[in-house]
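Below: upload.cif (mmCIF, C-alpha atoms)
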```
data_run
#
loop_
_atom_site.label_atom_id
_atom_site.label_comp_id
_atom_site.auth_asym_id
_atom_site.auth_seq_id
_atom_site.Cartn_x
_atom_site.Cartn_y
_atom_site.Cartn_z
CA MET A 284 131.65 151.03 124.29
CA VAL A 285 132.98 153.08 127.18
CA ASN A 286 133.69 156.81 126.66
CA ASN A 287 133.43 156.28 122.89
CA ALA A 288 136.11 153.60 123.00
CA THR A 289 135.31 150.14 121.69
CA LEU A 290 135.91 147.34 124.13
CA ASN A 291 137.35 144.11 122.79
CA TYR A 292 135.54 140.86 123.50
CA VAL A 293 137.79 138.02 124.71
CA ASN A 294 137.08 134.42 125.71
CA GLU A 295 139.60 134.41 128.57
CA PHE A 296 141.32 137.04 130.63
CA LYS A 297 143.96 136.70 133.33
CA TYR A 298 143.28 138.97 136.32
CA LEU A 299 145.56 138.89 139.36
CA GLY A 300 146.90 135.53 138.16
CA HIS A 301 143.45 133.93 137.94
CA VAL A 302 142.05 133.06 134.51
CA LEU A 303 138.50 134.30 134.02
CA SER A 304 136.51 132.69 131.23
CA ASN A 305 133.36 133.82 129.43
CA SER A 306 131.98 130.29 129.87
CA GLN A 307 132.07 130.92 133.64
CA LEU A 308 133.98 127.67 134.11
CA ASP A 309 137.21 127.47 136.08
CA ASP A 310 138.68 124.86 133.71
CA ALA A 311 141.09 127.34 132.10
CA ASP A 312 142.46 128.36 135.49
CA ILE A 313 142.75 124.72 136.55
CA HIS A 314 144.66 124.02 133.32
CA ARG A 315 146.98 126.96 134.09
CA GLU A 316 147.58 125.59 137.57
CA ARG A 317 148.31 122.11 136.19
CA ARG A 318 150.85 123.53 133.75
CA ASN A 319 152.51 125.52 136.54
CA LEU A 320 152.62 122.46 138.79
CA PHE A 321 154.50 120.44 136.15
CA TYR A 322 156.83 123.38 135.53
CA ARG A 323 157.71 123.78 139.21
CA CYS A 324 158.08 120.02 139.74
CA ASN A 325 160.38 119.63 136.75
CA MET A 326 162.49 122.57 137.89
CA LEU A 327 162.83 121.09 141.38
CA THR A 328 163.63 117.65 139.97
CA ARG A 329 166.42 119.03 137.79
CA ARG A 330 167.99 121.10 140.55
CA PHE A 331 167.45 119.02 143.69
CA SER A 332 167.22 115.37 142.64
CA LYS A 333 170.12 114.32 144.88
CA CYS A 334 168.83 115.92 148.09
CA SER A 335 167.52 114.00 151.06
CA VAL A 336 163.83 113.16 151.35
CA ALA A 337 163.41 115.70 154.17
CA VAL A 338 164.81 118.50 152.02
CA LYS A 339 162.75 117.38 149.04
CA LEU A 340 159.60 117.37 151.16
CA ARG A 341 160.21 120.93 152.29
CA LEU A 342 160.89 122.07 148.72
CA PHE A 343 157.86 120.25 147.33
CA LYS A 344 155.49 121.60 149.97
CA THR A 345 156.85 125.11 149.47
CA PHE A 346 156.83 125.26 145.68
CA CYS A 347 154.27 122.71 144.50
CA LEU A 348 151.44 122.82 147.02
CA CYS A 349 150.51 126.45 146.53
CA PHE A 350 147.04 126.15 145.01
CA TYR A 351 145.88 129.39 146.65
CA ASP A 352 143.28 130.29 144.05
CA SER A 353 141.73 126.82 144.24
CA GLY A 354 139.47 128.29 146.92
CA LEU A 355 137.85 130.32 144.13
CA TRP A 356 137.08 127.31 141.95
CA CYS A 357 133.38 126.56 142.18
CA ASN A 358 132.29 125.76 138.62
CA PHE A 359 134.47 123.27 136.77
CA THR A 360 134.21 119.99 134.94
CA SER A 361 135.16 116.86 136.82
CA GLY A 362 137.66 116.04 134.05
CA ALA A 363 139.64 119.24 134.57
CA PHE A 364 139.84 118.67 138.31
CA ALA A 365 140.77 114.99 137.84
CA LYS A 366 143.61 115.97 135.50
CA LEU A 367 145.01 118.35 138.11
CA GLN A 368 144.70 115.66 140.77
CA SER A 369 146.50 113.21 138.49
CA ALA A 370 149.20 115.81 137.81
CA TYR A 371 149.75 116.18 141.57
CA VAL A 372 150.24 112.42 141.95
CA LYS A 373 152.57 112.26 138.93
CA CYS A 374 154.68 115.12 140.27
CA VAL A 375 155.04 113.47 143.68
CA LYS A 376 156.08 110.21 142.04
CA ILE A 377 158.57 111.93 139.71
CA PHE A 378 160.15 114.15 142.33
CA PHE A 379 160.47 111.44 144.99
CA ARG A 380 161.43 108.76 142.45
CA TYR A 381 158.55 106.37 142.99
CA SER A 382 157.55 103.85 140.35
CA LYS A 383 154.49 104.85 138.35
CA PHE A 384 152.83 101.64 139.58
CA TYR A 385 153.44 102.37 143.28
CA SER A 386 150.36 102.79 145.46
CA VAL A 387 149.35 106.44 145.81
CA THR A 388 148.00 105.96 149.33
CA MET A 389 151.14 104.17 150.47
CA MET A 390 153.38 106.81 148.88
CA LEU A 391 151.54 109.74 150.50
CA ASN A 392 151.58 107.96 153.87
CA GLU A 393 155.33 107.32 153.64
CA LEU A 394 155.97 110.97 152.80
CA ALA A 395 153.39 112.26 155.32
CA SER A 396 151.96 114.33 152.47
CA PRO A 397 148.32 115.35 152.17
CA ARG A 398 145.94 114.00 149.57
CA PHE A 399 145.02 116.43 146.82
CA GLU A 400 141.44 116.79 148.08
CA GLU A 401 142.77 117.79 151.52
CA ILE A 402 144.90 120.54 150.00
CA THR A 403 142.14 122.08 147.92
CA GLY A 404 139.62 121.66 150.74
CA LYS A 405 141.94 123.51 153.10
CA TYR A 406 142.22 126.46 150.72
CA ARG A 407 138.42 126.56 150.26
CA CYS A 408 137.91 126.64 154.05
CA GLU A 409 140.56 129.32 154.51
CA LEU A 410 138.98 131.53 151.84
CA ARG A 411 135.52 131.13 153.37
CA GLN A 412 136.91 131.93 156.83
CA GLN A 413 138.67 135.07 155.56
CA MET A 414 135.53 136.15 153.75
CA SER A 415 133.42 135.69 156.88
CA CYS A 416 135.75 138.03 158.79
CA SER A 417 135.53 140.75 156.15
CA ASN A 418 133.75 144.04 156.78
CA ASN A 419 133.28 144.59 153.04
CA GLY A 420 129.61 144.54 152.10
CA LEU A 421 130.20 142.96 148.67
CA VAL A 422 132.28 140.17 150.17
CA SER A 423 129.60 139.51 152.80
CA LEU A 424 126.90 139.45 150.12
CA PHE A 425 128.92 137.05 147.98
CA LEU A 426 129.46 134.78 150.99
CA ARG A 427 125.71 134.72 151.75
CA LEU A 428 124.87 133.96 148.10
CA SER A 429 127.41 131.17 147.81
CA VAL A 430 125.98 129.14 150.72
#
```

Represent the structure contained in this file as structure tokens.
Amino acid sequence: MVNNATLNYVNEFKYLGHVLSNSQLDDADIHRERRNLFYRCNMLTRRFSKCSVAVKLRLFKTFCLCFYDSGLWCNFTSGAFAKLQSAYVKCVKIFFRYSKFYSVTMMLNELASPRFEEITGKYRCELRQQMSCSNNGLVSLFLRLSV
């Protein structure tokens, strides 16, 4: 209770676009990101399927590689992360019209696209770098505790 008002207990809550869970796992947020990735990829595929590869690459990198909050993911099951990684590969294959049996490494090399681990690693490094430049005491404390 706060000021004689009863607070509701919830299992998940979305705050600033990030799903917070009472289990302290990031699986729900990873699931949200996977759903959004498929949504954006399907939208791009419907609208821009006849564009050149160069245009498609720009669109895909702009709309589908924005895993900004992945830098916050630190406690998740390997299955949830693997499903998001698989979704990334499926979306690339669908949007660029590759066979589902085509080599992932070969496809990403042909498109000069990053691997999924490179994308999420980049966002983790960027978040850590921004946190290290912060003058906020809580952010500095969190950074020291997370090492």

Quiz item: Given the choices A:Ser306, A:Ile377, A:Leu340, A:Thr360, which gets closest to A:Asn325 if the distance is worked out from all atoms listed in the file?
Solution: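 Among A:Ser306, A:Ile377, A:Leu340, A:Thr360, it is A:Ile377 that comes nearest to A:Asn325.
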
Quiz item: Just so the selection is clear, what residues does the PyMOL selection byres ((chain A and resi 319) around 12) cover here, as a list in words?
Solution: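 Against this file, the PyMOL selection byres ((chain A and resi 319) around 12) returns the residues Gly300, Asp312, Ile313, His314, Arg315, Glu316, Arg317, Arg318, Leu320, Phe321, Tyr322, Arg323, Cys324, Asn325, Met326, Phe346, Cys347, Leu348, Cys349, Phe350, Leu367, Ala370, Tyr371 and Cys374 of chain A.
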
Quiz item: Exactly which residues make up the result of the PyMOL selection byres ((chain A and resi 352-354) around 8) on this file, given as number ranges by chain?
Solution: A: 301, 350-351, 355-357, 403-404, 406-410

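By chain and then residue number, the residues within 9 Å of stretch 382-399 of chain A are Val336, Ala337, Leu340, Lys344, Leu367, Gln368, Tyr371, Val372, Lys373, Val375 and Lys376 of chain A, counting only C-alpha atoms and disregarding those fewer than 6 positions away in sequence.
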
Quiz item: Between atom CA of A:Ala365 and atom CA of A:Asn305, what is the distance, to one decimal in Å?
Solution: 21.9 Å

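Computed from the coordinates, the atom CA of A:Phe425 to atom CA of A:Lys366 distance equals 28.6 Å.
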
Quiz prompt | Å distance separating atom CA of A:Asp309 from atom CA of A:Asn358, one decimal place | solution = 5.8 Å

Could I get stretch 369-403 of chain A rebuilt with N, CA and C atoms, written as a PDB file, in the frame of the given file?
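To be explicit, this is the file written out as result25.pdb:
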```
ATOM      1  N   SER A 369     145.565 114.168 139.081  1.00  0.00           N
ATOM      2  CA  SER A 369     146.500 113.210 138.490  1.00  0.00           C
ATOM      3  C   SER A 369     147.888 113.840 138.332  1.00  0.00           C
ATOM      4  N   ALA A 370     147.926 115.111 137.956  1.00  0.00           N
ATOM      5  CA  ALA A 370     149.200 115.810 137.810  1.00  0.00           C
ATOM      6  C   ALA A 370     149.926 115.892 139.159  1.00  0.00           C
ATOM      7  N   TYR A 371     149.167 116.128 140.225  1.00  0.00           N
ATOM      8  CA  TYR A 371     149.750 116.180 141.570  1.00  0.00           C
ATOM      9  C   TYR A 371     150.417 114.851 141.908  1.00  0.00           C
ATOM     10  N   VAL A 372     149.703 113.748 141.655  1.00  0.00           N
ATOM     11  CA  VAL A 372     150.240 112.420 141.950  1.00  0.00           C
ATOM     12  C   VAL A 372     151.483 112.142 141.099  1.00  0.00           C
ATOM     13  N   LYS A 373     151.419 112.472 139.811  1.00  0.00           N
ATOM     14  CA  LYS A 373     152.570 112.260 138.930  1.00  0.00           C
ATOM     15  C   LYS A 373     153.776 113.050 139.404  1.00  0.00           C
ATOM     16  N   CYS A 374     153.554 114.276 139.815  1.00  0.00           N
ATOM     17  CA  CYS A 374     154.680 115.120 140.270  1.00  0.00           C
ATOM     18  C   CYS A 374     155.307 114.548 141.536  1.00  0.00           C
ATOM     19  N   VAL A 375     154.489 114.072 142.465  1.00  0.00           N
ATOM     20  CA  VAL A 375     155.040 113.470 143.680  1.00  0.00           C
ATOM     21  C   VAL A 375     155.876 112.251 143.313  1.00  0.00           C
ATOM     22  N   LYS A 376     155.353 111.421 142.433  1.00  0.00           N
ATOM     23  CA  LYS A 376     156.080 110.210 142.040  1.00  0.00           C
ATOM     24  C   LYS A 376     157.383 110.549 141.308  1.00  0.00           C
ATOM     25  N   ILE A 377     157.357 111.536 140.444  1.00  0.00           N
ATOM     26  CA  ILE A 377     158.570 111.930 139.710  1.00  0.00           C
ATOM     27  C   ILE A 377     159.606 112.507 140.654  1.00  0.00           C
ATOM     28  N   PHE A 378     159.192 113.441 141.477  1.00  0.00           N
ATOM     29  CA  PHE A 378     160.150 114.150 142.330  1.00  0.00           C
ATOM     30  C   PHE A 378     160.769 113.232 143.387  1.00  0.00           C
ATOM     31  N   PHE A 379     159.968 112.322 143.936  1.00  0.00           N
ATOM     32  CA  PHE A 379     160.470 111.440 144.990  1.00  0.00           C
ATOM     33  C   PHE A 379     160.902 110.076 144.454  1.00  0.00           C
ATOM     34  N   ARG A 380     160.925 109.943 143.153  1.00  0.00           N
ATOM     35  CA  ARG A 380     161.430 108.760 142.450  1.00  0.00           C
ATOM     36  C   ARG A 380     160.689 107.477 142.812  1.00  0.00           C
ATOM     37  N   TYR A 381     159.384 107.552 142.799  1.00  0.00           N
ATOM     38  CA  TYR A 381     158.550 106.370 142.990  1.00  0.00           C
ATOM     39  C   TYR A 381     158.208 105.796 141.623  1.00  0.00           C
ATOM     40  N   SER A 382     157.993 104.510 141.578  1.00  0.00           N
ATOM     41  CA  SER A 382     157.550 103.850 140.350  1.00  0.00           C
ATOM     42  C   SER A 382     156.146 104.349 140.009  1.00  0.00           C
ATOM     43  N   LYS A 383     155.829 104.391 138.736  1.00  0.00           N
ATOM     44  CA  LYS A 383     154.490 104.850 138.350  1.00  0.00           C
ATOM     45  C   LYS A 383     153.409 103.858 138.777  1.00  0.00           C
ATOM     46  N   PHE A 384     153.793 102.655 139.150  1.00  0.00           N
ATOM     47  CA  PHE A 384     152.830 101.640 139.580  1.00  0.00           C
ATOM     48  C   PHE A 384     152.692 101.580 141.108  1.00  0.00           C
ATOM     49  N   TYR A 385     153.452 102.391 141.823  1.00  0.00           N
ATOM     50  CA  TYR A 385     153.440 102.370 143.280  1.00  0.00           C
ATOM     51  C   TYR A 385     152.104 102.915 143.794  1.00  0.00           C
ATOM     52  N   SER A 386     151.629 102.381 144.879  1.00  0.00           N
ATOM     53  CA  SER A 386     150.360 102.790 145.460  1.00  0.00           C
ATOM     54  C   SER A 386     150.410 104.265 145.899  1.00  0.00           C
ATOM     55  N   VAL A 387     149.412 105.014 145.477  1.00  0.00           N
ATOM     56  CA  VAL A 387     149.350 106.440 145.810  1.00  0.00           C
ATOM     57  C   VAL A 387     149.162 106.624 147.315  1.00  0.00           C
ATOM     58  N   THR A 388     148.258 105.856 147.894  1.00  0.00           N
ATOM     59  CA  THR A 388     148.000 105.960 149.330  1.00  0.00           C
ATOM     60  C   THR A 388     149.249 105.639 150.133  1.00  0.00           C
ATOM     61  N   MET A 389     149.927 104.579 149.756  1.00  0.00           N
ATOM     62  CA  MET A 389     151.140 104.170 150.470  1.00  0.00           C
ATOM     63  C   MET A 389     152.226 105.250 150.335  1.00  0.00           C
ATOM     64  N   MET A 390     152.369 105.791 149.138  1.00  0.00           N
ATOM     65  CA  MET A 390     153.380 106.810 148.880  1.00  0.00           C
ATOM     66  C   MET A 390     153.111 108.064 149.728  1.00  0.00           C
ATOM     67  N   LEU A 391     151.873 108.534 149.730  1.00  0.00           N
ATOM     68  CA  LEU A 391     151.540 109.740 150.500  1.00  0.00           C
ATOM     69  C   LEU A 391     151.688 109.502 151.993  1.00  0.00           C
ATOM     70  N   ASN A 392     151.386 108.293 152.453  1.00  0.00           N
ATOM     71  CA  ASN A 392     151.580 107.960 153.870  1.00  0.00           C
ATOM     72  C   ASN A 392     153.059 107.949 154.235  1.00  0.00           C
ATOM     73  N   GLU A 393     153.886 107.359 153.378  1.00  0.00           N
ATOM     74  CA  GLU A 393     155.330 107.320 153.640  1.00  0.00           C
ATOM     75  C   GLU A 393     155.926 108.728 153.701  1.00  0.00           C
ATOM     76  N   LEU A 394     155.435 109.608 152.850  1.00  0.00           N
ATOM     77  CA  LEU A 394     155.970 110.970 152.800  1.00  0.00           C
ATOM     78  C   LEU A 394     155.263 111.911 153.779  1.00  0.00           C
ATOM     79  N   ALA A 395     154.221 111.431 154.427  1.00  0.00           N
ATOM     80  CA  ALA A 395     153.390 112.260 155.320  1.00  0.00           C
ATOM     81  C   ALA A 395     152.896 113.490 154.561  1.00  0.00           C
ATOM     82  N   SER A 396     152.476 113.259 153.320  1.00  0.00           N
ATOM     83  CA  SER A 396     151.960 114.330 152.470  1.00  0.00           C
ATOM     84  C   SER A 396     150.447 114.230 152.397  1.00  0.00           C
ATOM     85  N   PRO A 397     149.790 115.376 152.245  1.00  0.00           N
ATOM     86  CA  PRO A 397     148.320 115.350 152.170  1.00  0.00           C
ATOM     87  C   PRO A 397     147.820 114.864 150.819  1.00  0.00           C
ATOM     88  N   ARG A 398     146.608 114.337 150.819  1.00  0.00           N
ATOM     89  CA  ARG A 398     145.940 114.000 149.570  1.00  0.00           C
ATOM     90  C   ARG A 398     145.542 115.293 148.871  1.00  0.00           C
ATOM     91  N   PHE A 399     145.337 115.235 147.588  1.00  0.00           N
ATOM     92  CA  PHE A 399     145.020 116.430 146.820  1.00  0.00           C
ATOM     93  C   PHE A 399     143.713 117.079 147.303  1.00  0.00           C
ATOM     94  N   GLU A 400     142.724 116.265 147.620  1.00  0.00           N
ATOM     95  CA  GLU A 400     141.440 116.790 148.080  1.00  0.00           C
ATOM     96  C   GLU A 400     141.598 117.550 149.403  1.00  0.00           C
ATOM     97  N   GLU A 401     142.523 117.106 150.251  1.00  0.00           N
ATOM     98  CA  GLU A 401     142.770 117.790 151.520  1.00  0.00           C
ATOM     99  C   GLU A 401     143.370 119.171 151.277  1.00  0.00           C
ATOM    100  N   ILE A 402     144.256 119.258 150.301  1.00  0.00           N
ATOM    101  CA  ILE A 402     144.900 120.540 150.000  1.00  0.00           C
ATOM    102  C   ILE A 402     143.878 121.542 149.492  1.00  0.00           C
ATOM    103  N   THR A 403     143.105 121.141 148.491  1.00  0.00           N
ATOM    104  CA  THR A 403     142.140 122.080 147.920  1.00  0.00           C
ATOM    105  C   THR A 403     141.019 122.394 148.919  1.00  0.00           C
TER     106      THR A 403
END
```
